[in-house]
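**Student:** Below: one structure in C-alpha cells.
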Amino acid sequence: MIVSVSLVNELTVAGDRAGPVAGDELRVLAQILAFDAPSLAALDGDDVPGFVALARRLREIFDDLHGNDVDAAAERLNALLARSPAQPHLAKEEGRWRLHHHPVHAELVAMYTAICAEALARIVSAGDADRLGTCQAPDCGRVFVDVSKNGSRRFCTTTCQSRVKVTAFRRRRGPANTPPSE
Ligand SMILES: [Zn+2]
C-alpha cells in the first residue's frame with residue numbers, strides 16, 4: 001500500500017464518508033507510519049497540520065486523474081516536487097546500502113511530501129496514470145492503486161463493489177426483493 005493512498009483515505013473526506021474525528025489525526029498518522037520505526041518515532045503533534053495539507057493536495061491529484069486530467073495532476077505533482085525536492089542518496093540499513101530519494105535531513109512532512117510526490121510521478125511517467133483510481137461507489141471516494149492485470153478496477157474494496165451491485169439489483173427488481181447473497 002503506498003503512503004499517498006493511506007494519507008488521502010484516512011485524512012481527507014470525500015462523498016458522505018466521515019473523516020477522522022477532530023484531534024484524532026495523530027493516532028491515524030501513527031498507524032499510517034507504523035511501517036517505518038524512525039518515522040513513527042519522529043512523529044509528533046506539530047506534524048499533523050502539514051500531513052493534513054499534504055493529504056488534501058494528494059486528494060486533488062487523484063481528483064484530477066478521476067476526471068482524466070493528467071496534465072493538471074502532473075502540474076500539481078511538479079508543484080509538490082518543487083516544494084520538497086527528492087535527493088537521491090545511499091543509506092546503509094542492516095548492512096545493506098539502499099537508495100533513498102527523500103531529503104537526508106528533512107522534517108517528516110517534507111520527507112513524505114517528496115516520497116509521495118515521487119511515487120505518484122513515477123506512476124504517471126510510466127503511462128499508468130489511469131491506475132491511480134477513485135472508488136466509483138457514490139458515497140465513498142476512497143482512492144487506490146489499481147494493480148490488477150487488465151487495469152479495470154473501479155472500487156476501493158469488494159465491500160463497495162457488492163454494495164453498488166446490491167443497489168443496482170434492488171433498482172432493477174424493486175425494493176421488495178432480497179438482494180443477491182454475494
Ligand atoms: Zn469504496
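Here's how to read the names in the C-alpha cells: chain A, B, ... by the order shown, residue numbers from 1 in each chain, ligand numbers from 1 in the order shown.
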Can I get the residues close to ligand 1 as a PyMOL selection string, where close means within 7 Å and we count only C-alpha atoms and all ligand atoms?
**Tutor:** chain A and resi 135-137+140-142+155-157+160
**Student:** Determine, counting only C-alpha atoms, which protein, DNA and RNA residues have an atom within 9 Å of an atom of Cys116 in chain A; residues of the same chain fewer than 5 positions away are not included. Present the result as a list in words.
**Tutor:**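 Using only C-alpha atoms, the neighbours found are Ile2, Val3, Ser4, Leu58, Met111 and Ala121 of chain A.
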**Student:** Considering only C-alpha atoms, state which residue in the set A:Gly50, A:Asp63, A:Gly45, A:Tyr112 is at the smallest distance from Val143 in chain A.
**Tutor:**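 The closest residue to Val143 in chain A is A:Asp63.
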**Student:** Closest to Ala82 in chain A among A:Ala53, A:Asn68, A:Gln31, A:Glu118, using only C-alpha atoms?
**Tutor:**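 For Ala82 in chain A, the nearest of the candidates is A:Glu118.
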**Student:** Among range 19-163 of chain A, which ones does DSSP place in alpha helix (DSSP H), written as number ranges by chain?
**Tutor:** A: 25-32, 37-42, 48-66, 70-83, 108-125, 158-163
**Student:** Can you tell me which residues surround Leu11 in chain A at a distance of at most 9 Å, considering only C-alpha atoms, apart from same-chain residues fewer than 4 positions away, and format the answer as a ChimeraX atom specification?
**Tutor:** /A:6-7,19-20,25,28-29,51-52,55-56
**Student:** Provide the CA of Leu99 in chain A to CA of Ala117 in chain A distance in Å, to one decimal place.
**Tutor:**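 Separating CA of Leu99 in chain A from CA of Ala117 in chain A is a distance of 16.6 Å.
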**Student:** Using CA of Pro49 in chain A and CA of Ile115 in chain A as the two end points, give the distance in Å to one decimal.
**Tutor:**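 If I compute the distance from CA of Pro49 in chain A to CA of Ile115 in chain A, I get 17.7 Å.
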**Student:** Excluding same-chain residues fewer than 6 positions from Leu33 in chain A, what lies within 9 Å of it counting only C-alpha atoms, as a list in words?
**Tutor:**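 Everything that qualifies: Val3, Ser39, Leu40 and Leu43 of chain A.
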**Student:** Pick out the residues sitting within 10 Å of Val145 in chain A, and hand them over as a list of chain:residue names; count only C-alpha atoms, and ignore anything fewer than 6 positions along from it in its own chain.
**Tutor:**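 Here the answer would be A:Met1, A:Ile2, A:Ser4, A:Val5, A:Leu120, A:Ile123, A:Asp128, A:Ala129, A:Asp130, A:Arg131, A:Leu132, A:Gly133, A:Thr134, A:Gly151, A:Arg153, A:Cys156.
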**Student:** Could those residues be written to a file, using all heavy atoms, as a CSV table (one decimal), in the first residue's frame?
**Tutor:**
chain,number,residue,atom,x,y,z
A,1,MET,N,0.9,-1.2,0.0
A,1,MET,CA,0.0,0.0,0.0
A,1,MET,C,0.9,1.2,0.0
A,1,MET,O,1.7,1.4,0.9
A,1,MET,CB,-0.9,0.0,1.2
A,1,MET,CG,-1.8,1.2,1.4
A,1,MET,SD,-3.0,1.4,0.1
A,1,MET,CE,-4.2,0.2,0.6
A,2,ILE,N,0.7,2.1,-1.0
A,2,ILE,CA,1.6,3.3,-1.0
A,2,ILE,C,1.0,4.3,0.0
A,2,ILE,O,-0.2,4.4,0.2
A,2,ILE,CB,1.8,3.9,-2.4
A,2,ILE,CG1,0.6,4.6,-3.0
A,2,ILE,CG2,2.2,2.8,-3.4
A,2,ILE,CD1,1.0,5.4,-4.2
A,4,SER,N,0.7,7.5,-0.1
A,4,SER,CA,-0.2,8.5,-0.6
A,4,SER,C,-1.7,8.1,-0.4
A,4,SER,O,-2.5,8.9,0.0
A,4,SER,CB,0.0,8.8,-2.1
A,4,SER,OG,1.3,9.2,-2.3
A,5,VAL,N,-1.9,6.8,-0.8
A,5,VAL,CA,-3.3,6.3,-0.7
A,5,VAL,C,-3.8,6.3,0.7
A,5,VAL,O,-4.9,6.8,1.0
A,5,VAL,CB,-3.3,4.9,-1.3
A,5,VAL,CG1,-4.6,4.2,-1.0
A,5,VAL,CG2,-3.1,4.9,-2.8
A,120,LEU,N,4.0,8.9,-7.0
A,120,LEU,CA,2.9,9.2,-7.9
A,120,LEU,C,3.5,9.6,-9.3
A,120,LEU,O,3.0,9.2,-10.3
A,120,LEU,CB,1.9,10.2,-7.4
A,120,LEU,CG,1.2,9.9,-6.1
A,120,LEU,CD1,0.1,10.9,-5.8
A,120,LEU,CD2,0.5,8.5,-6.2
A,123,ILE,N,4.5,6.7,-11.3
A,123,ILE,CA,3.4,6.0,-11.9
A,123,ILE,C,2.9,6.8,-13.2
A,123,ILE,O,2.6,6.2,-14.2
A,123,ILE,CB,2.2,5.8,-10.9
A,123,ILE,CG1,2.7,4.9,-9.8
A,123,ILE,CG2,1.0,5.3,-11.5
A,123,ILE,CD1,1.8,4.7,-8.6
A,128,ASP,N,0.9,5.1,-16.5
A,128,ASP,CA,-0.1,4.3,-15.7
A,128,ASP,C,-1.0,5.2,-14.9
A,128,ASP,O,-1.5,4.8,-13.8
A,128,ASP,CB,0.6,3.3,-14.8
A,128,ASP,CG,1.2,2.2,-15.6
A,128,ASP,OD1,0.7,1.9,-16.7
A,128,ASP,OD2,2.2,1.6,-15.1
A,129,ALA,N,-1.1,6.5,-15.3
A,129,ALA,CA,-1.9,7.4,-14.5
A,129,ALA,C,-3.3,6.9,-14.2
A,129,ALA,O,-3.9,7.2,-13.2
A,129,ALA,CB,-2.0,8.8,-15.2
A,130,ASP,N,-3.9,6.1,-15.2
A,130,ASP,CA,-5.2,5.7,-15.0
A,130,ASP,C,-5.3,4.5,-14.0
A,130,ASP,O,-6.4,4.1,-13.6
A,130,ASP,CB,-5.8,5.2,-16.4
A,130,ASP,CG,-5.0,4.1,-17.0
A,130,ASP,OD1,-3.8,3.9,-16.6
A,130,ASP,OD2,-5.4,3.5,-18.0
A,131,ARG,N,-4.2,4.1,-13.5
A,131,ARG,CA,-4.2,3.1,-12.4
A,131,ARG,C,-4.3,3.8,-11.0
A,131,ARG,O,-4.4,3.1,-10.0
A,131,ARG,CB,-3.0,2.3,-12.5
A,131,ARG,CG,-3.1,1.3,-13.6
A,131,ARG,CD,-2.0,0.2,-13.7
A,131,ARG,NE,-2.3,-0.7,-14.7
A,131,ARG,CZ,-2.8,-1.9,-14.6
A,131,ARG,NH1,-3.1,-2.3,-13.4
A,131,ARG,NH2,-3.0,-2.7,-15.6
A,132,LEU,N,-4.2,5.1,-11.0
A,132,LEU,CA,-4.5,5.8,-9.7
A,132,LEU,C,-6.0,6.1,-9.7
A,132,LEU,O,-6.4,7.1,-10.3
A,132,LEU,CB,-3.6,7.1,-9.6
A,132,LEU,CG,-2.1,6.9,-9.7
A,132,LEU,CD1,-1.4,8.2,-9.8
A,132,LEU,CD2,-1.7,6.2,-8.4
A,133,GLY,N,-6.7,5.3,-9.0
A,133,GLY,CA,-8.2,5.3,-9.1
A,133,GLY,C,-8.9,5.9,-7.9
A,133,GLY,O,-8.3,6.0,-6.8
A,134,THR,N,-10.2,6.3,-8.1
A,134,THR,CA,-11.0,6.7,-7.1
A,134,THR,C,-12.3,5.8,-7.1
A,134,THR,O,-12.8,5.5,-8.2
A,134,THR,CB,-11.5,8.2,-7.3
A,134,THR,OG1,-10.3,9.0,-7.3
A,134,THR,CG2,-12.4,8.6,-6.1
A,151,GLY,N,-6.2,-3.6,-15.4
A,151,GLY,CA,-6.4,-2.3,-15.0
A,151,GLY,C,-7.8,-1.8,-15.1
A,151,GLY,O,-8.1,-0.7,-15.4
A,153,ARG,N,-10.0,-2.0,-12.4
A,153,ARG,CA,-10.6,-1.9,-11.0
A,153,ARG,C,-11.4,-0.6,-10.9
A,153,ARG,O,-10.9,0.4,-11.4
A,153,ARG,CB,-9.5,-2.0,-10.0
A,153,ARG,CG,-10.0,-2.0,-8.6
A,153,ARG,CD,-8.8,-2.3,-7.7
A,153,ARG,NE,-9.1,-1.8,-6.3
A,153,ARG,CZ,-8.2,-1.7,-5.3
A,153,ARG,NH1,-7.0,-2.1,-5.6
A,153,ARG,NH2,-8.6,-1.3,-4.1
A,156,CYS,N,-12.9,0.6,-4.3
A,156,CYS,CA,-11.8,0.6,-3.4
A,156,CYS,C,-11.7,-0.8,-2.8
A,156,CYS,O,-10.6,-1.3,-2.5
A,156,CYS,CB,-11.9,1.6,-2.3
A,156,CYS,SG,-13.4,1.4,-1.2
**Student:** I need the strand (DSSP E) residues of range 90-175 of chain A per DSSP on the backbone, written as a PyMOL selection string.
**Tutor:** chain A and resi 90-93+96-100+132-134+143-145
**Student:** The selected residues should be written to file as an mmCIF file, in the first residue's frame (atoms: N, CA, C and O atoms).
**Tutor:**
data_model
loop_
_atom_site.group_PDB
_atom_site.id
_atom_site.type_symbol
_atom_site.label_atom_id
_atom_site.label_comp_id
_atom_site.auth_asym_id
_atom_site.auth_seq_id
_atom_site.Cartn_x
_atom_site.Cartn_y
_atom_site.Cartn_z
ATOM 1 N N LEU A 90 22.423 7.204 -0.850
ATOM 2 C CA LEU A 90 22.508 5.847 -0.318
ATOM 3 C C LEU A 90 22.528 5.888 1.205
ATOM 4 O O LEU A 90 23.178 6.733 1.803
ATOM 5 N N ALA A 91 21.783 5.011 1.817
ATOM 6 C CA ALA A 91 21.785 4.897 3.274
ATOM 7 C C ALA A 91 21.980 3.429 3.627
ATOM 8 O O ALA A 91 21.378 2.554 3.007
ATOM 9 N N LYS A 92 22.840 3.178 4.628
ATOM 10 C CA LYS A 92 23.119 1.786 4.989
ATOM 11 C C LYS A 92 22.091 1.316 6.010
ATOM 12 O O LYS A 92 21.918 1.925 7.056
ATOM 13 N N GLU A 93 21.392 0.252 5.657
ATOM 14 C CA GLU A 93 20.366 -0.285 6.550
ATOM 15 C C GLU A 93 20.582 -1.772 6.713
ATOM 16 O O GLU A 93 20.572 -2.513 5.731
ATOM 17 N N ARG A 96 23.160 -3.238 4.461
ATOM 18 C CA ARG A 96 22.971 -3.162 3.016
ATOM 19 C C ARG A 96 22.735 -1.729 2.585
ATOM 20 O O ARG A 96 21.976 -1.012 3.242
ATOM 21 N N TRP A 97 23.370 -1.301 1.512
ATOM 22 C CA TRP A 97 23.146 0.062 1.018
ATOM 23 C C TRP A 97 21.858 0.107 0.210
ATOM 24 O O TRP A 97 21.653 -0.694 -0.691
ATOM 25 N N ARG A 98 20.989 1.056 0.573
ATOM 26 C CA ARG A 98 19.732 1.209 -0.162
ATOM 27 C C ARG A 98 19.623 2.634 -0.683
ATOM 28 O O ARG A 98 20.079 3.566 -0.027
ATOM 29 N N LEU A 99 18.985 2.771 -1.843
ATOM 30 C CA LEU A 99 18.818 4.094 -2.437
ATOM 31 C C LEU A 99 17.538 4.741 -1.915
ATOM 32 O O LEU A 99 16.445 4.185 -2.035
ATOM 33 N N HIS A 100 17.711 5.900 -1.287
ATOM 34 C CA HIS A 100 16.552 6.676 -0.839
ATOM 35 C C HIS A 100 16.423 7.904 -1.727
ATOM 36 O O HIS A 100 17.393 8.366 -2.290
ATOM 37 N N LEU A 132 -4.228 5.124 -10.956
ATOM 38 C CA LEU A 132 -4.485 5.832 -9.704
ATOM 39 C C LEU A 132 -5.982 6.126 -9.683
ATOM 40 O O LEU A 132 -6.447 7.069 -10.314
ATOM 41 N N GLY A 133 -6.735 5.289 -8.997
ATOM 42 C CA GLY A 133 -8.185 5.329 -9.123
ATOM 43 C C GLY A 133 -8.900 5.882 -7.910
ATOM 44 O O GLY A 133 -8.345 5.977 -6.816
ATOM 45 N N THR A 134 -10.156 6.268 -8.134
ATOM 46 C CA THR A 134 -11.043 6.701 -7.062
ATOM 47 C C THR A 134 -12.270 5.797 -7.112
ATOM 48 O O THR A 134 -12.817 5.549 -8.184
ATOM 49 N N VAL A 143 -9.454 6.227 -2.437
ATOM 50 C CA VAL A 143 -8.611 6.074 -3.623
ATOM 51 C C VAL A 143 -7.808 4.783 -3.525
ATOM 52 O O VAL A 143 -7.721 4.177 -2.449
ATOM 53 N N PHE A 144 -7.243 4.361 -4.650
ATOM 54 C CA PHE A 144 -6.477 3.115 -4.669
ATOM 55 C C PHE A 144 -5.517 3.125 -5.851
ATOM 56 O O PHE A 144 -5.649 3.938 -6.771
ATOM 57 N N VAL A 145 -4.530 2.235 -5.776
ATOM 58 C CA VAL A 145 -3.681 1.980 -6.931
ATOM 59 C C VAL A 145 -4.138 0.657 -7.512
ATOM 60 O O VAL A 145 -4.153 -0.364 -6.823
#
**Student:** Quick check, in Å to one decimal: how far apart do CA of Thr12 in chain A and CA of Leu80 in chain A lie?
**Tutor:**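 Distance reported for this atom pair: 17.5 Å.
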**Student:** For His102 in chain A, work out the shell of residues within 9 Å, counting only C-alpha atoms and skipping chain neighbours fewer than 2 positions away, then give it as an mmCIF file with N, CA and C atoms, in the first residue's frame.
**Tutor:**
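What ended up in part_27.cif:
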data_model
loop_
_atom_site.group_PDB
_atom_site.id
_atom_site.type_symbol
_atom_site.label_atom_id
_atom_site.label_comp_id
_atom_site.auth_asym_id
_atom_site.auth_seq_id
_atom_site.Cartn_x
_atom_site.Cartn_y
_atom_site.Cartn_z
ATOM 1 N N SER A 84 9.298 20.146 -2.140
ATOM 2 C CA SER A 84 10.129 19.187 -1.404
ATOM 3 C C SER A 84 10.894 18.308 -2.377
ATOM 4 N N PRO A 85 11.998 18.831 -2.903
ATOM 5 C CA PRO A 85 12.723 18.077 -3.927
ATOM 6 C C PRO A 85 13.271 16.761 -3.372
ATOM 7 N N ALA A 86 13.222 15.754 -4.203
ATOM 8 C CA ALA A 86 13.830 14.482 -3.830
ATOM 9 C C ALA A 86 15.339 14.624 -3.952
ATOM 10 N N GLN A 87 16.043 13.913 -3.096
ATOM 11 C CA GLN A 87 17.500 13.976 -3.135
ATOM 12 C C GLN A 87 18.031 12.551 -3.035
ATOM 13 N N PRO A 88 18.348 11.942 -4.182
ATOM 14 C CA PRO A 88 18.796 10.548 -4.137
ATOM 15 C C PRO A 88 20.065 10.406 -3.304
ATOM 16 N N HIS A 89 20.070 9.454 -2.407
ATOM 17 C CA HIS A 89 21.284 9.176 -1.622
ATOM 18 C C HIS A 89 21.238 7.746 -1.109
ATOM 19 N N HIS A 100 17.711 5.900 -1.287
ATOM 20 C CA HIS A 100 16.552 6.676 -0.839
ATOM 21 C C HIS A 100 16.423 7.904 -1.727
ATOM 22 N N VAL A 104 17.865 14.086 2.975
ATOM 23 C CA VAL A 104 18.505 13.358 4.070
ATOM 24 C C VAL A 104 18.032 13.829 5.439
ATOM 25 N N HIS A 105 18.038 15.137 5.647
ATOM 26 C CA HIS A 105 17.730 15.632 6.986
ATOM 27 C C HIS A 105 16.416 16.408 7.025
ATOM 28 N N ALA A 106 15.520 16.072 6.135
ATOM 29 C CA ALA A 106 14.270 16.827 6.083
ATOM 30 C C ALA A 106 13.387 16.495 7.275
ATOM 31 N N ALA A 110 8.128 17.200 5.042
ATOM 32 C CA ALA A 110 8.865 17.440 3.789
ATOM 33 C C ALA A 110 9.339 16.122 3.197
ATOM 34 N N MET A 111 9.792 15.232 4.057
ATOM 35 C CA MET A 111 10.266 13.928 3.608
ATOM 36 C C MET A 111 9.137 13.141 2.936
ATOM 37 N N TYR A 112 7.964 13.120 3.562
ATOM 38 C CA TYR A 112 6.852 12.358 2.989
ATOM 39 C C TYR A 112 6.229 13.064 1.786
ATOM 40 N N THR A 113 6.351 14.398 1.734
ATOM 41 C CA THR A 113 5.900 15.098 0.531
ATOM 42 C C THR A 113 6.730 14.625 -0.656
ATOM 43 N N ALA A 114 8.063 14.566 -0.457
ATOM 44 C CA ALA A 114 8.948 14.090 -1.529
ATOM 45 C C ALA A 114 8.645 12.640 -1.885
ATOM 46 N N ILE A 115 8.475 11.803 -0.875
ATOM 47 C CA ILE A 115 8.225 10.366 -1.115
ATOM 48 C C ILE A 115 6.921 10.165 -1.895
ATOM 49 N N GLU A 118 7.033 11.730 -5.510
ATOM 50 C CA GLU A 118 7.864 10.962 -6.433
ATOM 51 C C GLU A 118 7.192 9.638 -6.803
#
**Student:** Ranking A:Val124, A:Glu94, A:Asp47, A:Leu77 by minimum distance to Glu60 in chain A and counting only C-alpha atoms, which one comes first?
**Tutor:**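 Between A:Val124, A:Glu94, A:Asp47, A:Leu77, the residue approaching Glu60 in chain A most closely is A:Leu77.
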